[in-house]
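J.: Shown below is the structure under consideration.
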Amino acid sequence: RSSRAVNGSLCAVAAATASSSSSSSVAPVARSRTMRLAAVLMAVVAGLAAVTGAAAADPKDCEVCNRILTKVYDDFKLAEKGAKANGDKFNAMDKIESLVEDYCKRATSQTDKKVCYYILPIKRKVSTPMSNHAPPDRVCKKLKKESPELCAVREAVKIEKGKTDYGTLKIRDLKKILADRGVSCSNCLEKAEFVKRCQETEDLERDEL
């Protein structure tokens, strides 16, 4: 709705500008003022469009990738600091790739394993910017261009057996819960059907260690 309003404002400003420019009865000074006002309005509307786009960004985008690479980056900085203190030779890119591999070998959750599946083949694209201390979230955004599926992986939905109200969750989250449990719901169409299926299979929910 907000994007349509912004687009409508842009069209209105453009129409007003064109009308004032084409009118021969408007004095040069008045026409100049109108053009300046139109330019200011265009700048304001463009700014509103940018804010609207930023607000629409998904806060959970790349969340698992960010978490994993933040851990890798923190370990890398510690290793780099230790190497400098001891005067040891240190290959930043090799160390980062080694840390990625070690993390993925120890991964136990399905979300981590899925992200590792996408990251491992392109780990050089992780180590190159990270060795120059690019922030993990920026690295993930670059990786998204190589593998869009990477940032589609979401954190597991926290479930408390016997306490979780599935009806308050989104269908996307209900589907993820069922997928994590290895349960299908191929004939489910309505939210109530997904909720019922989650309730029926709650005994399959794994307790956190």
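Quick note on naming: the chains in the structure tokens go A, B, ... in the order shown, residues restart at 1 in each chain, and ligands are numbered from 1 in order of appearance.
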Find the residues around A:Asp173 up to 10 Å (only C-alpha atoms counted), leave out those fewer than 2 positions away in its own chain, and share them as a JSON list (two decimals) with N, CA, C and O atoms, in the first residue's frame.
T.:
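Below is the file result-v1.json, written as the result:
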```
[["chain", "number", "residue", "atom", "x", "y", "z"],
["A", 154, "ARG", "N", 16.13, -20.76, 7.84],
["A", 154, "ARG", "CA", 15.75, -20.05, 9.06],
["A", 154, "ARG", "C", 16.08, -20.88, 10.30],
["A", 154, "ARG", "O", 16.20, -22.10, 10.24],
["A", 155, "GLU", "N", 16.20, -20.18, 11.41],
["A", 155, "GLU", "CA", 16.41, -20.84, 12.68],
["A", 155, "GLU", "C", 15.20, -21.72, 13.02],
["A", 155, "GLU", "O", 14.07, -21.39, 12.64],
["A", 156, "ALA", "N", 15.45, -22.81, 13.72],
["A", 156, "ALA", "CA", 14.37, -23.69, 14.13],
["A", 156, "ALA", "C", 13.42, -22.95, 15.08],
["A", 156, "ALA", "O", 13.86, -22.14, 15.90],
["A", 157, "VAL", "N", 12.14, -23.22, 14.94],
["A", 157, "VAL", "CA", 11.14, -22.61, 15.81],
["A", 157, "VAL", "C", 11.21, -23.30, 17.18],
["A", 157, "VAL", "O", 11.20, -24.52, 17.27],
["A", 166, "TYR", "N", 0.36, -23.62, 18.78],
["A", 166, "TYR", "CA", 0.66, -23.63, 17.35],
["A", 166, "TYR", "C", -0.21, -22.65, 16.56],
["A", 166, "TYR", "O", 0.17, -22.18, 15.49],
["A", 169, "LEU", "N", 1.35, -19.35, 15.48],
["A", 169, "LEU", "CA", 2.49, -19.35, 14.56],
["A", 169, "LEU", "C", 2.03, -19.17, 13.12],
["A", 169, "LEU", "O", 0.88, -19.46, 12.77],
["A", 170, "LYS", "N", 2.95, -18.71, 12.27],
["A", 170, "LYS", "CA", 2.66, -18.55, 10.85],
["A", 170, "LYS", "C", 2.74, -19.90, 10.16],
["A", 170, "LYS", "O", 3.41, -20.81, 10.64],
["A", 171, "ILE", "N", 2.05, -20.01, 9.03],
["A", 171, "ILE", "CA", 2.06, -21.27, 8.27],
["A", 171, "ILE", "C", 3.49, -21.65, 7.89],
["A", 171, "ILE", "O", 3.86, -22.82, 7.92],
["A", 175, "LYS", "N", 5.15, -25.22, 8.78],
["A", 175, "LYS", "CA", 5.75, -26.10, 7.77],
["A", 175, "LYS", "C", 7.17, -26.47, 8.15],
["A", 175, "LYS", "O", 7.59, -27.62, 7.96],
["A", 176, "LYS", "N", 7.91, -25.51, 8.69],
["A", 176, "LYS", "CA", 9.29, -25.78, 9.09],
["A", 176, "LYS", "C", 9.33, -26.78, 10.25],
["A", 176, "LYS", "O", 10.19, -27.66, 10.29],
["A", 177, "ILE", "N", 8.42, -26.62, 11.21],
["A", 177, "ILE", "CA", 8.35, -27.55, 12.34],
["A", 177, "ILE", "C", 8.13, -28.97, 11.84],
["A", 177, "ILE", "O", 8.81, -29.91, 12.27],
["A", 178, "LEU", "N", 7.20, -29.12, 10.92],
["A", 178, "LEU", "CA", 6.90, -30.45, 10.38],
["A", 178, "LEU", "C", 8.09, -31.00, 9.60],
["A", 178, "LEU", "O", 8.41, -32.18, 9.69],
["A", 179, "ALA", "N", 8.74, -30.13, 8.83],
["A", 179, "ALA", "CA", 9.90, -30.56, 8.04],
["A", 179, "ALA", "C", 11.03, -31.02, 8.96],
["A", 179, "ALA", "O", 11.69, -32.04, 8.70],
["A", 194, "PHE", "N", -2.49, -27.54, 9.32],
["A", 194, "PHE", "CA", -1.08, -27.58, 9.71],
["A", 194, "PHE", "C", -0.95, -27.60, 11.23],
["A", 194, "PHE", "O", -0.10, -28.30, 11.79]]
```
J.: So that I can see what lies close to A:Val183, please list as JSON, numbers by chain the residues with an atom at most 12 Å from it, counting only C-alpha atoms and leaving out residues fewer than 6 positions away in the same chain.
T.: {"A": [174, 175, 176, 177, 194, 197, 198, 199, 200, 201, 202, 203, 204, 205]}
J.: Which residues, written as JSON, numbers by chain, have at least one atom at most 12 Å from stretch 109-114 of chain A, with only C-alpha atoms counted and residues fewer than 5 positions away on the same chain left out?
T.: {"A": [62, 63, 64, 65, 66, 67, 68, 69, 100, 101, 103, 104, 119, 120, 149, 150, 151, 152, 153, 154, 155, 156, 157, 176, 177, 179, 180, 181, 182, 206, 207, 208, 209]}
J.: Could you take the residues named above and write them with N, CA and C atoms, as a tab-separated table (two decimals), in the first residue's frame?
T.:
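As written to disk, part_5.tsv reads:
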```tsv
chain	number	residue	atom	x	y	z
A	62	CYS	N	19.05	-14.48	6.07
A	62	CYS	CA	20.45	-14.87	6.31
A	62	CYS	C	20.77	-15.09	7.79
A	63	GLU	N	19.77	-15.28	8.64
A	63	GLU	CA	20.03	-15.34	10.08
A	63	GLU	C	20.93	-16.51	10.48
A	64	VAL	N	20.76	-17.67	9.86
A	64	VAL	CA	21.61	-18.83	10.21
A	64	VAL	C	23.02	-18.62	9.68
A	65	CYS	N	23.12	-18.13	8.46
A	65	CYS	CA	24.43	-17.83	7.87
A	65	CYS	C	25.17	-16.81	8.74
A	66	ASN	N	24.47	-15.77	9.18
A	66	ASN	CA	25.09	-14.75	10.03
A	66	ASN	C	25.61	-15.34	11.33
A	67	ARG	N	24.81	-16.21	11.92
A	67	ARG	CA	25.22	-16.81	13.20
A	67	ARG	C	26.46	-17.68	13.03
A	68	ILE	N	26.47	-18.50	12.00
A	68	ILE	CA	27.59	-19.41	11.77
A	68	ILE	C	28.87	-18.63	11.45
A	69	LEU	N	28.76	-17.68	10.53
A	69	LEU	CA	29.96	-16.93	10.13
A	69	LEU	C	30.44	-15.97	11.22
A	100	VAL	N	35.67	-23.00	9.00
A	100	VAL	CA	34.38	-23.32	8.39
A	100	VAL	C	34.19	-24.83	8.33
A	101	GLU	N	35.22	-25.53	7.87
A	101	GLU	CA	35.14	-26.98	7.77
A	101	GLU	C	34.95	-27.63	9.14
A	103	TYR	N	33.64	-26.29	11.83
A	103	TYR	CA	32.30	-25.99	12.33
A	103	TYR	C	31.28	-26.94	11.70
A	104	CYS	N	31.38	-27.11	10.41
A	104	CYS	CA	30.41	-27.93	9.70
A	104	CYS	C	30.54	-29.42	10.06
A	119	ILE	N	27.53	-23.53	1.97
A	119	ILE	CA	28.75	-22.74	2.19
A	119	ILE	C	30.03	-23.48	1.79
A	120	LEU	N	30.13	-24.76	2.13
A	120	LEU	CA	31.38	-25.49	1.91
A	120	LEU	C	31.90	-25.42	0.47
A	149	GLU	N	19.53	-19.79	-1.94
A	149	GLU	CA	18.93	-20.69	-0.95
A	149	GLU	C	19.59	-20.55	0.41
A	150	LEU	N	20.83	-20.11	0.42
A	150	LEU	CA	21.60	-20.00	1.65
A	150	LEU	C	20.89	-19.14	2.68
A	151	CYS	N	20.39	-18.00	2.25
A	151	CYS	CA	19.77	-17.07	3.18
A	151	CYS	C	18.29	-17.36	3.42
A	152	ALA	N	17.77	-18.37	2.76
A	152	ALA	CA	16.38	-18.76	2.99
A	152	ALA	C	16.27	-19.70	4.18
A	153	VAL	N	17.40	-20.23	4.65
A	153	VAL	CA	17.39	-21.14	5.80
A	153	VAL	C	17.14	-20.34	7.07
A	154	ARG	N	16.13	-20.76	7.84
A	154	ARG	CA	15.75	-20.05	9.06
A	154	ARG	C	16.08	-20.88	10.30
A	155	GLU	N	16.20	-20.18	11.41
A	155	GLU	CA	16.41	-20.84	12.68
A	155	GLU	C	15.20	-21.72	13.02
A	156	ALA	N	15.45	-22.81	13.72
A	156	ALA	CA	14.37	-23.69	14.13
A	156	ALA	C	13.42	-22.95	15.08
A	157	VAL	N	12.14	-23.22	14.94
A	157	VAL	CA	11.14	-22.61	15.81
A	157	VAL	C	11.21	-23.30	17.18
A	176	LYS	N	7.91	-25.51	8.69
A	176	LYS	CA	9.29	-25.78	9.09
A	176	LYS	C	9.33	-26.78	10.25
A	177	ILE	N	8.42	-26.62	11.21
A	177	ILE	CA	8.35	-27.55	12.34
A	177	ILE	C	8.13	-28.97	11.84
A	179	ALA	N	8.74	-30.13	8.83
A	179	ALA	CA	9.90	-30.56	8.04
A	179	ALA	C	11.03	-31.02	8.96
A	180	ASP	N	11.26	-30.29	10.05
A	180	ASP	CA	12.30	-30.66	11.00
A	180	ASP	C	11.99	-32.00	11.67
A	181	ARG	N	10.71	-32.30	11.79
A	181	ARG	CA	10.30	-33.57	12.39
A	181	ARG	C	10.28	-34.71	11.37
A	182	GLY	N	10.47	-34.37	10.10
A	182	GLY	CA	10.42	-35.37	9.05
A	182	GLY	C	9.02	-35.82	8.74
A	206	ARG	N	12.31	-33.14	19.08
A	206	ARG	CA	13.52	-33.53	19.81
A	206	ARG	C	13.82	-32.54	20.92
A	207	ASP	N	14.14	-33.05	22.08
A	207	ASP	CA	14.52	-32.21	23.21
A	207	ASP	C	15.90	-31.64	22.96
A	208	GLU	N	16.09	-30.34	23.31
A	208	GLU	CA	17.40	-29.72	23.15
A	208	GLU	C	18.37	-30.28	24.17
A	209	LEU	N	19.63	-30.47	23.73
A	209	LEU	CA	20.64	-30.98	24.64
A	209	LEU	C	21.15	-29.87	25.53
```
J.: Which value, in Å to one decimal, gives the distance between atom CA of A:Lys60 and atom CA of A:Glu146?
T.: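 Separating atom CA of A:Lys60 from atom CA of A:Glu146 is a distance of 18.7 Å.
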J.: Report the distance between atom CA of A:Ser147 and atom CA of A:Ser186 in Å, rounded to one decimal place.
T.: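 Atom CA of A:Ser186 lies 26.8 Å from atom CA of A:Ser147.
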J.: With only C-alpha atoms as the atoms that count, which of A:Ser131, A:Ala192, A:Ala107, A:Lys81 lies nearest to A:Lys95?
T.: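 Nearest candidate to A:Lys95 out of A:Ser131, A:Ala192, A:Ala107, A:Lys81: A:Ser131.
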J.: Find the residue from A:Cys116, A:Leu99, A:Ile159, A:Val139 that sits nearest to A:Asp75; use only C-alpha atoms when measuring.
T.: A:Leu99
J.: Can you work out the spacing between atom CA of A:Tyr117 and atom CA of A:Glu160 in Å, to one decimal?
T.: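 Separating atom CA of A:Tyr117 from atom CA of A:Glu160 is a distance of 28.3 Å.
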J.: Residues near A:Thr70, anyone? I mean within 10 Å using only C-alpha atoms, not counting same-chain ones fewer than 6 positions away, as a ChimeraX atom specification.
T.: /A:64,76,135-137
